[in-house]
$ cat data.cif   # mmCIF, C-alpha atoms
data_target
loop_
_atom_site.label_atom_id
_atom_site.label_comp_id
_atom_site.auth_asym_id
_atom_site.auth_seq_id
_atom_site.Cartn_x
_atom_site.Cartn_y
_atom_site.Cartn_z
CA MET A 1 22.62 -4.77 -8.57
CA LYS A 2 21.16 -8.25 -8.71
CA LYS A 3 20.58 -9.83 -12.08
CA ARG A 4 16.90 -10.00 -12.82
CA ILE A 5 15.11 -13.08 -14.04
CA ILE A 6 11.82 -12.85 -15.88
CA TYR A 7 9.55 -15.89 -15.92
CA LEU A 8 6.63 -16.44 -18.26
CA PHE A 9 3.99 -18.91 -17.11
CA LEU A 10 1.66 -20.32 -19.77
CA ALA A 11 1.90 -17.07 -21.75
CA CYS A 12 -0.24 -15.20 -19.22
CA ALA A 13 1.88 -13.77 -16.42
CA TYR A 14 5.31 -12.22 -15.94
CA ALA A 15 7.20 -12.02 -12.70
CA ALA A 16 9.86 -9.32 -12.61
CA CYS A 17 11.37 -6.78 -10.29
CA GLY A 18 9.70 -3.42 -10.01
CA TRP A 19 6.33 -2.33 -8.61
CA ASN A 20 3.56 -3.30 -6.24
CA CYS A 21 -0.01 -2.15 -6.87
CA THR A 22 -2.65 -3.22 -4.39
CA GLY A 23 -5.71 -1.18 -3.58
CA GLY A 24 -4.66 2.44 -4.00
CA SER A 25 -1.85 3.97 -6.03
CA CYS A 26 1.15 1.87 -7.01
CA GLN A 27 4.14 2.09 -4.70
CA ASP A 28 7.83 1.33 -5.05
CA ARG A 29 9.10 -1.78 -3.37
CA PRO A 30 12.51 -3.47 -2.89
CA SER A 31 14.25 -4.67 -6.04
CA ASP A 32 14.43 -8.29 -4.82
CA THR A 33 10.66 -8.77 -4.75
CA ILE A 34 8.37 -10.01 -7.49
CA THR A 35 5.94 -8.16 -9.71
CA VAL A 36 3.18 -10.14 -11.43
CA ALA A 37 2.10 -8.79 -14.82
CA CYS A 38 -0.53 -10.45 -17.00
CA TYR A 39 -0.98 -10.25 -20.75
CA TYR A 40 -4.28 -8.69 -21.75
CA PHE A 41 -5.78 -9.19 -25.21
CA PRO A 42 -8.11 -6.22 -25.88
CA GLY A 43 -10.58 -7.84 -28.26
CA TYR A 44 -13.81 -7.64 -26.28
CA HIS A 45 -15.13 -4.19 -27.08
CA THR A 46 -17.61 -3.29 -29.79
CA ARG A 47 -16.58 -1.61 -33.02
CA ASP A 48 -18.45 0.80 -35.26
CA SER A 49 -18.32 2.05 -38.84
CA SER A 50 -16.08 4.99 -37.91
CA GLU A 51 -13.26 2.47 -37.41
CA LEU A 52 -12.62 1.61 -41.04
CA ARG A 53 -10.45 -1.41 -40.45
CA TYR A 54 -13.10 -3.00 -38.24
CA SER A 55 -15.98 -2.17 -40.57
CA LEU A 56 -14.17 -3.98 -43.38
CA GLN A 57 -14.25 -7.10 -41.26
CA HIS A 58 -17.45 -6.94 -39.19
CA SER A 59 -20.71 -5.08 -38.74
CA ASN A 60 -21.39 -2.41 -36.13
CA ASP A 61 -21.36 -3.47 -32.48
CA TRP A 62 -19.31 -6.60 -33.19
CA SER A 63 -16.76 -7.89 -30.69
CA GLU A 64 -15.13 -11.23 -30.05
CA TRP A 65 -17.88 -11.96 -27.54
CA GLU A 66 -19.93 -12.94 -30.61
CA LEU A 67 -17.62 -15.92 -31.08
CA VAL A 68 -18.20 -16.98 -27.48
CA LYS A 69 -21.97 -16.58 -27.77
CA GLU A 70 -22.14 -18.65 -30.96
CA ALA A 71 -20.06 -21.58 -29.67
CA LYS A 72 -21.88 -24.91 -30.13
CA PRO A 73 -21.50 -28.22 -28.26
CA ARG A 74 -19.51 -30.68 -30.39
CA PHE A 75 -19.86 -33.84 -28.32
CA GLU A 76 -21.85 -35.20 -25.39
CA GLY A 77 -21.08 -33.33 -22.21
CA HIS A 78 -19.40 -30.44 -24.07
CA ARG A 79 -20.52 -27.30 -22.25
CA GLN A 80 -21.01 -24.51 -24.78
CA PRO A 81 -21.57 -21.65 -24.89
CA TYR A 82 -20.00 -20.40 -21.69
CA VAL A 83 -21.56 -17.29 -20.20
CA PRO A 84 -19.18 -14.91 -18.35
CA VAL A 85 -20.03 -14.31 -14.70
CA TRP A 86 -20.02 -10.55 -15.38
CA GLY A 87 -21.85 -10.94 -18.67
CA TYR A 88 -20.70 -9.90 -22.15
CA GLU A 89 -19.29 -6.56 -21.07
CA ASP A 90 -17.75 -3.90 -23.31
CA GLU A 91 -14.18 -3.32 -22.17
CA LYS A 92 -13.91 0.15 -23.72
CA ASP A 93 -16.35 1.28 -21.00
CA PRO A 94 -14.34 2.81 -18.11
CA ALA A 95 -16.79 1.36 -15.56
CA VAL A 96 -16.19 -2.15 -16.93
CA MET A 97 -12.42 -1.75 -16.80
CA ALA A 98 -12.66 -0.31 -13.29
CA LYS A 99 -14.06 -3.66 -12.11
CA LYS A 100 -11.25 -5.55 -13.82
CA ILE A 101 -8.62 -3.24 -12.36
CA ARG A 102 -10.08 -3.64 -8.87
CA ALA A 103 -10.24 -7.43 -9.19
CA ALA A 104 -6.66 -7.67 -10.44
CA ALA A 105 -5.15 -5.21 -7.96
CA THR A 106 -6.77 -6.92 -4.96
CA HIS A 107 -5.80 -10.44 -6.02
CA GLY A 108 -2.04 -10.18 -6.51
CA VAL A 109 -1.76 -8.81 -10.06
CA ASP A 110 0.44 -5.73 -10.34
CA ALA A 111 0.27 -4.84 -14.04
CA PHE A 112 -1.50 -5.57 -17.32
CA ILE A 113 0.66 -5.96 -20.44
CA PHE A 114 -1.69 -4.98 -23.24
CA ASP A 115 -1.34 -6.46 -26.69
CA TRP A 116 -0.83 -3.30 -28.77
CA TYR A 117 -1.22 -3.19 -32.54
CA TRP A 118 0.01 -0.74 -35.17
CA TYR A 119 -1.14 -1.17 -38.76
CA GLU A 120 -1.03 1.20 -41.74
CA GLY A 121 0.46 4.03 -39.69
CA GLY A 122 -1.96 3.93 -36.77
CA PRO A 123 -3.15 2.00 -33.70
CA PHE A 124 -5.56 -0.91 -33.85
CA LEU A 125 -7.65 -2.59 -31.11
CA ASN A 126 -6.71 0.31 -28.85
CA ARG A 127 -10.03 1.47 -27.42
CA CYS A 128 -9.97 -0.95 -24.49
CA LEU A 129 -6.71 0.63 -23.32
CA ASP A 130 -7.22 4.25 -24.39
CA GLU A 131 -10.85 4.66 -23.37
CA GLY A 132 -11.51 1.85 -20.90
CA PHE A 133 -8.36 1.26 -18.85
CA LEU A 134 -6.89 4.75 -18.95
CA GLY A 135 -10.33 6.32 -18.53
CA ALA A 136 -11.22 4.25 -15.47
CA PRO A 137 -11.41 6.25 -12.21
CA ASN A 138 -9.05 3.76 -10.52
CA THR A 139 -6.54 3.40 -13.37
CA ASP A 140 -3.69 4.41 -11.04
CA SER A 141 -4.36 1.29 -8.93
CA LEU A 142 -2.66 -0.87 -11.55
CA LYS A 143 0.46 -0.52 -13.66
CA PHE A 144 0.28 -1.18 -17.39
CA ALA A 145 2.74 -1.80 -20.20
CA LEU A 146 2.60 -2.59 -23.91
CA MET A 147 3.60 -5.55 -26.00
CA TRP A 148 3.78 -4.50 -29.65
CA ALA A 149 2.03 -7.42 -31.35
CA CYS A 150 3.84 -7.02 -34.66
CA HIS A 151 2.28 -9.89 -36.53
CA ASP A 152 0.19 -9.66 -39.69
CA TRP A 153 -3.57 -9.45 -39.16
CA SER A 154 -5.74 -11.89 -41.08
CA ASP A 155 -9.46 -12.52 -41.28
CA ARG A 156 -9.76 -15.55 -39.02
CA PHE A 157 -12.88 -14.70 -37.01
CA PRO A 158 -14.18 -17.27 -36.81
CA ALA A 159 -11.37 -19.69 -37.63
CA THR A 160 -12.66 -22.74 -39.46
CA ALA A 161 -10.68 -25.86 -40.26
CA GLY A 162 -9.59 -25.84 -43.90
CA ARG A 163 -10.63 -22.21 -44.45
CA LYS A 164 -7.90 -20.04 -45.92
CA LYS A 165 -7.07 -17.06 -43.72
CA THR A 166 -7.20 -13.88 -45.79
CA PRO A 167 -4.37 -11.38 -44.98
CA MET A 168 -5.71 -7.93 -44.12
CA TYR A 169 -2.96 -5.76 -42.61
CA SER A 170 0.80 -6.14 -42.66
CA ALA A 171 2.70 -5.59 -39.43
CA SER A 172 5.84 -4.50 -41.30
CA VAL A 173 7.06 -1.11 -40.06
CA ASP A 174 9.99 0.64 -41.72
CA SER A 175 12.31 3.21 -40.17
CA ALA A 176 10.00 6.19 -40.78
CA GLY A 177 7.01 4.26 -39.49
CA PHE A 178 8.87 3.23 -36.35
CA GLU A 179 9.76 6.87 -35.69
CA THR A 180 6.08 7.85 -35.85
CA MET A 181 5.10 4.92 -33.68
CA GLY A 182 7.82 5.80 -31.18
CA ASP A 183 6.52 9.36 -30.83
CA VAL A 184 3.08 7.96 -29.95
CA LEU A 185 4.53 5.47 -27.47
CA VAL A 186 6.46 8.11 -25.54
CA ARG A 187 3.80 10.82 -25.66
CA ASP A 188 0.71 8.75 -24.93
CA TYR A 189 1.95 5.88 -22.80
CA PHE A 190 5.54 5.75 -21.50
CA THR A 191 5.25 9.06 -19.66
CA ARG A 192 2.05 8.18 -17.80
CA PRO A 193 2.50 7.84 -14.02
CA ASN A 194 1.16 4.27 -13.94
CA TYR A 195 3.16 2.96 -16.89
CA TRP A 196 5.25 0.02 -15.63
CA LYS A 197 8.89 1.07 -15.34
CA ILE A 198 11.95 -0.89 -14.27
CA ASP A 199 14.83 1.27 -13.00
CA GLY A 200 13.04 4.30 -14.47
CA LYS A 201 12.73 2.67 -17.90
CA PRO A 202 9.31 1.89 -19.39
CA PHE A 203 8.90 -1.83 -20.08
CA PHE A 204 8.25 -2.33 -23.80
CA SER A 205 7.93 -5.74 -25.39
CA ILE A 206 8.24 -6.70 -29.06
CA TYR A 207 6.27 -9.83 -29.85
CA ASN A 208 7.93 -10.93 -33.10
CA VAL A 209 11.58 -9.92 -33.28
CA PRO A 210 12.30 -11.36 -36.77
CA ALA A 211 9.37 -9.35 -38.20
CA PHE A 212 10.64 -6.21 -36.45
CA VAL A 213 14.13 -6.68 -37.90
CA GLN A 214 12.77 -7.49 -41.35
CA GLY A 215 10.65 -4.32 -41.39
CA LEU A 216 13.63 -2.16 -40.46
CA GLY A 217 15.80 -3.89 -43.05
CA SER A 218 18.65 -5.30 -40.97
CA LEU A 219 19.84 -6.00 -37.44
CA ALA A 220 21.94 -2.84 -37.52
CA ALA A 221 18.96 -0.71 -38.58
CA ALA A 222 16.77 -2.30 -35.91
CA ARG A 223 19.38 -1.53 -33.26
CA ARG A 224 19.60 2.10 -34.42
CA ALA A 225 15.80 2.38 -34.24
CA MET A 226 15.88 1.06 -30.67
CA GLU A 227 18.58 3.57 -29.75
CA ARG A 228 16.50 6.41 -31.19
CA LEU A 229 13.50 5.36 -29.11
CA ASP A 230 15.77 5.18 -26.05
CA ALA A 231 16.83 8.76 -26.79
CA LYS A 232 13.22 9.94 -27.18
CA ALA A 233 12.35 8.39 -23.83
CA MET A 234 15.31 10.11 -22.18
CA ARG A 235 14.35 13.47 -23.66
CA ALA A 236 10.94 12.94 -22.04
CA GLY A 237 12.59 12.59 -18.63
CA LEU A 238 12.84 8.79 -18.51
CA GLU A 239 15.94 6.60 -18.20
CA GLY A 240 15.55 4.98 -21.60
CA VAL A 241 13.49 1.91 -22.53
CA HIS A 242 13.49 -1.48 -20.84
CA TRP A 243 13.38 -3.75 -23.87
CA ASN A 244 11.72 -7.15 -23.78
CA LEU A 245 12.16 -9.07 -27.03
CA LEU A 246 10.33 -12.33 -27.63
CA ALA A 247 12.03 -15.00 -29.71
CA PHE A 248 9.96 -18.05 -30.59
CA GLY A 249 10.91 -21.67 -30.18
CA THR A 250 7.75 -22.55 -32.13
CA PRO A 251 5.55 -20.25 -34.26
CA VAL A 252 2.19 -19.47 -32.65
CA LEU A 253 0.30 -17.46 -35.30
CA PRO A 254 0.24 -17.68 -39.12
CA GLY A 255 3.24 -16.02 -40.77
CA GLU A 256 5.43 -15.92 -37.66
CA GLN A 257 9.13 -16.62 -37.99
CA VAL A 258 11.47 -18.52 -35.70
CA ALA A 259 14.72 -16.74 -34.85
CA THR A 260 17.46 -19.11 -35.95
CA ASP A 261 20.27 -17.45 -33.99
CA GLN A 262 18.91 -16.03 -30.77
CA ALA A 263 22.37 -15.44 -29.30
CA GLU A 264 23.27 -13.21 -32.26
CA LEU A 265 19.97 -11.33 -31.97
CA GLN A 266 20.62 -10.71 -28.29
CA ARG A 267 24.21 -9.63 -28.87
CA ARG A 268 23.32 -7.25 -31.68
CA LEU A 269 20.10 -5.81 -30.27
CA GLY A 270 20.28 -5.54 -26.58
CA GLY A 271 23.01 -6.77 -24.25
CA GLN A 272 21.76 -6.85 -20.69
CA LEU A 273 18.73 -4.65 -21.35
CA VAL A 274 17.01 -7.28 -23.45
CA HIS A 275 15.22 -10.32 -22.03
CA PHE A 276 14.36 -13.15 -24.37
CA VAL A 277 11.32 -15.30 -23.70
CA CYS A 278 11.29 -18.44 -25.84
CA LEU A 279 7.71 -19.50 -26.46
CA GLY A 280 6.74 -23.01 -27.45
CA ASP A 281 8.11 -24.82 -24.40
CA PRO A 282 6.02 -25.95 -21.38
CA TYR A 283 8.01 -23.73 -19.00
CA TYR A 284 9.87 -20.60 -19.95
CA ALA A 285 12.66 -18.62 -18.34
CA ALA A 286 14.67 -15.73 -19.78
CA ARG A 287 17.79 -14.18 -18.36
CA PRO A 288 19.54 -10.92 -19.17
CA GLY A 289 22.41 -11.17 -21.62
CA ASN A 290 25.95 -11.53 -20.38
#
$ encode --input "data.cif" --output "structure tokens"
Amino acid sequence: MKKRIIYLFLACAYAACGWNCTGGSCQDRPSDTITVACYYFPGYHTRDSSELRYSLQHSNDWSEWELVKEAKPRFEGHRQPYVPVWGYEDEKDPAVMAKKIRAAATHGVDAFIFDWYWYEGGPFLNRCLDEGFLGAPNTDSLKFALMWACHDWSDRFPATAGRKKTPMYSASVDSAGFETMGDVLVRDYFTRPNYWKIDGKPFFSIYNVPAFVQGLGSLAAARRAMERLDAKAMRAGLEGVHWNLLAFGTPVLPGEQVATDQAELQRRLGGQLVHFVCLGDPYYAARPGN
């Protein structure tokens, strides 16, 4: 089998071996071709008071579109606010996501990698995926995968220079919490027909590896947790999990940690099943471990 190479361009698109989704249902294709998968941040759907974590932060019917609408010109010729061609649509609406799926699938995109959050024992910012994408009538036209965005959540909407960002939710997940999270991943996502799989393994990315290891307590404990999730996936009829672990060259968000020994992380956590993408450089490439 050929060694796979995963490229990350400007933190928005992956190219990897696997699936082709254009028009109708996704189809297998030869292993030497390229799959394009784009990161998708699911922040543009309205919240309501039934979602306690949102209501602590914003009023009913708030979404990040409000930040776009309120943007002000800061210098001559500065065009603000921008108005989306499709308008300020609510992405938890299946009809809205159906348009996005159709646009992506007919213009060379094969999969969306959704930022996926887990705080205080439950999902967060999940309605775009759960209600919009998976509820769309053409959801099978596009593959999807998850990137567990395991960074702390702070009140930074809007972000203002000099304003202290108030921590709200910790991304730390211990062994018991990871077991619960793993059950949800396998049951609700990995086993879906249009979940992106490589060699029968669902692609699952961890955004902040040092935070993941710290939550579990050690590299050895993190590896055992990964093995248990592999086993859960196999019991569900899959081939295990295709792990994608991101190690930063430069921190991106507040509180993120830089992995000081990426070679040791790779050796201890994943061997050839783990791809490392080093963010913070103008061009990124990650190869399977030797």
$ atom_distance --input "data.cif" --atom1 "CA of Gly121 (chain A)" --atom2 "CA of Gly177 (chain A)"
6.6 Å
$ resolve_selection --input "data.cif" --expression "the PyMOL selection byres ((chain A and resi 134) around 10)" --output "PyMOL selection string"
chain A and resi 92+94+97-98+127-133+135-140+144+189+192+194
$ resolve_selection --input "data.cif" --expression "the PyMOL selection byres ((chain A and resi 117) around 8)" --output "ChimeraX atom specification"
/A:115-116,118-119,123-126,148-150
$ atom_distance --input "data.cif" --atom1 "CA of Val83 (chain A)" --atom2 "CA of Asp110 (chain A)"
26.7 Å
$ resolve_selection --input "data.cif" --expression "the PyMOL selection byres ((chain A and resi 171) around 12)" --output "PDB file with C-alpha atoms, keeping the file's coordinate frame"
ATOM      1  CA  TRP A 116      -0.830  -3.300 -28.770  1.00  0.00           C
ATOM      2  CA  TYR A 117      -1.220  -3.190 -32.540  1.00  0.00           C
ATOM      3  CA  TRP A 118       0.010  -0.740 -35.170  1.00  0.00           C
ATOM      4  CA  TYR A 119      -1.140  -1.170 -38.760  1.00  0.00           C
ATOM      5  CA  GLU A 120      -1.030   1.200 -41.740  1.00  0.00           C
ATOM      6  CA  GLY A 121       0.460   4.030 -39.690  1.00  0.00           C
ATOM      7  CA  GLY A 122      -1.960   3.930 -36.770  1.00  0.00           C
ATOM      8  CA  PRO A 123      -3.150   2.000 -33.700  1.00  0.00           C
ATOM      9  CA  PHE A 124      -5.560  -0.910 -33.850  1.00  0.00           C
ATOM     10  CA  TRP A 148       3.780  -4.500 -29.650  1.00  0.00           C
ATOM     11  CA  ALA A 149       2.030  -7.420 -31.350  1.00  0.00           C
ATOM     12  CA  CYS A 150       3.840  -7.020 -34.660  1.00  0.00           C
ATOM     13  CA  HIS A 151       2.280  -9.890 -36.530  1.00  0.00           C
ATOM     14  CA  ASP A 152       0.190  -9.660 -39.690  1.00  0.00           C
ATOM     15  CA  TRP A 153      -3.570  -9.450 -39.160  1.00  0.00           C
ATOM     16  CA  SER A 154      -5.740 -11.890 -41.080  1.00  0.00           C
ATOM     17  CA  PRO A 167      -4.370 -11.380 -44.980  1.00  0.00           C
ATOM     18  CA  MET A 168      -5.710  -7.930 -44.120  1.00  0.00           C
ATOM     19  CA  TYR A 169      -2.960  -5.760 -42.610  1.00  0.00           C
ATOM     20  CA  SER A 170       0.800  -6.140 -42.660  1.00  0.00           C
ATOM     21  CA  SER A 172       5.840  -4.500 -41.300  1.00  0.00           C
ATOM     22  CA  VAL A 173       7.060  -1.110 -40.060  1.00  0.00           C
ATOM     23  CA  ASP A 174       9.990   0.640 -41.720  1.00  0.00           C
ATOM     24  CA  GLY A 177       7.010   4.260 -39.490  1.00  0.00           C
ATOM     25  CA  PHE A 178       8.870   3.230 -36.350  1.00  0.00           C
ATOM     26  CA  ILE A 206       8.240  -6.700 -29.060  1.00  0.00           C
ATOM     27  CA  TYR A 207       6.270  -9.830 -29.850  1.00  0.00           C
ATOM     28  CA  ASN A 208       7.930 -10.930 -33.100  1.00  0.00           C
ATOM     29  CA  VAL A 209      11.580  -9.920 -33.280  1.00  0.00           C
ATOM     30  CA  PRO A 210      12.300 -11.360 -36.770  1.00  0.00           C
ATOM     31  CA  ALA A 211       9.370  -9.350 -38.200  1.00  0.00           C
ATOM     32  CA  PHE A 212      10.640  -6.210 -36.450  1.00  0.00           C
ATOM     33  CA  VAL A 213      14.130  -6.680 -37.900  1.00  0.00           C
ATOM     34  CA  GLN A 214      12.770  -7.490 -41.350  1.00  0.00           C
ATOM     35  CA  GLY A 215      10.650  -4.320 -41.390  1.00  0.00           C
ATOM     36  CA  LEU A 216      13.630  -2.160 -40.460  1.00  0.00           C
ATOM     37  CA  GLY A 255       3.240 -16.020 -40.770  1.00  0.00           C
ATOM     38  CA  GLU A 256       5.430 -15.920 -37.660  1.00  0.00           C
TER      39      GLU A 256
END
$ atom_distance --input "data.cif" --atom1 "CA of Ala103 (chain A)" --atom2 "CA of His242 (chain A)"
27.1 Å
$ closest_residue --input "data.cif" --among "A:Arg74, A:His45, A:Lys69, A:Lys232" --to "Val96 (chain A)" --atoms "all atoms listed in the file"
A:His45
$ residues_around --input "data.cif" --residues "Lys197 (chain A)" --least-positions-apart "2" --cutoff "9 Å" --atoms "all atoms listed in the file" --output "list in words"
Gly18, Trp19, Lys143, Ala145, Phe190, Asn194, Tyr195, Asp199, Gly200, Lys201, Pro202, Phe203, Val241 and His242 of chain A
$ build_atoms --input "data.cif" --residues "region 187-198 of chain A" --atoms "N, CA, C and O atoms" --output "JSON list (two decimals), in the frame of the given file"
[["chain", "number", "residue", "atom", "x", "y", "z"],
["A", 187, "ARG", "N", 4.75, 9.75, -26.01],
["A", 187, "ARG", "CA", 3.80, 10.82, -25.66],
["A", 187, "ARG", "C", 2.57, 10.29, -24.93],
["A", 187, "ARG", "O", 2.15, 10.87, -23.91],
["A", 188, "ASP", "N", 2.01, 9.19, -25.43],
["A", 188, "ASP", "CA", 0.71, 8.75, -24.93],
["A", 188, "ASP", "C", 0.77, 7.67, -23.85],
["A", 188, "ASP", "O", -0.23, 7.46, -23.15],
["A", 189, "TYR", "N", 1.92, 7.01, -23.72],
["A", 189, "TYR", "CA", 1.95, 5.88, -22.80],
["A", 189, "TYR", "C", 3.14, 5.90, -21.84],
["A", 189, "TYR", "O", 2.95, 5.91, -20.61],
["A", 190, "PHE", "N", 4.37, 5.90, -22.37],
["A", 190, "PHE", "CA", 5.54, 5.75, -21.50],
["A", 190, "PHE", "C", 5.60, 6.78, -20.38],
["A", 190, "PHE", "O", 6.11, 6.50, -19.29],
["A", 191, "THR", "N", 5.13, 7.98, -20.64],
["A", 191, "THR", "CA", 5.25, 9.06, -19.66],
["A", 191, "THR", "C", 4.10, 9.10, -18.67],
["A", 191, "THR", "O", 4.08, 9.98, -17.79],
["A", 192, "ARG", "N", 3.15, 8.20, -18.77],
["A", 192, "ARG", "CA", 2.05, 8.18, -17.80],
["A", 192, "ARG", "C", 2.56, 7.68, -16.44],
["A", 192, "ARG", "O", 3.41, 6.79, -16.37],
["A", 193, "PRO", "N", 2.02, 8.22, -15.35],
["A", 193, "PRO", "CA", 2.50, 7.84, -14.02],
["A", 193, "PRO", "C", 2.38, 6.35, -13.72],
["A", 193, "PRO", "O", 3.21, 5.80, -12.99],
["A", 194, "ASN", "N", 1.35, 5.69, -14.26],
["A", 194, "ASN", "CA", 1.16, 4.27, -13.94],
["A", 194, "ASN", "C", 1.68, 3.34, -15.03],
["A", 194, "ASN", "O", 1.35, 2.16, -15.04],
["A", 195, "TYR", "N", 2.52, 3.87, -15.95],
["A", 195, "TYR", "CA", 3.16, 2.96, -16.89],
["A", 195, "TYR", "C", 4.23, 2.18, -16.13],
["A", 195, "TYR", "O", 5.00, 2.75, -15.35],
["A", 196, "TRP", "N", 4.31, 0.88, -16.35],
["A", 196, "TRP", "CA", 5.25, 0.02, -15.63],
["A", 196, "TRP", "C", 6.68, 0.34, -16.05],
["A", 196, "TRP", "O", 7.03, 0.24, -17.22],
["A", 197, "LYS", "N", 7.49, 0.73, -15.08],
["A", 197, "LYS", "CA", 8.89, 1.07, -15.34],
["A", 197, "LYS", "C", 9.80, 0.22, -14.46],
["A", 197, "LYS", "O", 9.48, -0.07, -13.31],
["A", 198, "ILE", "N", 10.93, -0.16, -15.00],
["A", 198, "ILE", "CA", 11.95, -0.89, -14.27],
["A", 198, "ILE", "C", 13.22, -0.04, -14.29],
["A", 198, "ILE", "O", 13.72, 0.31, -15.36]]
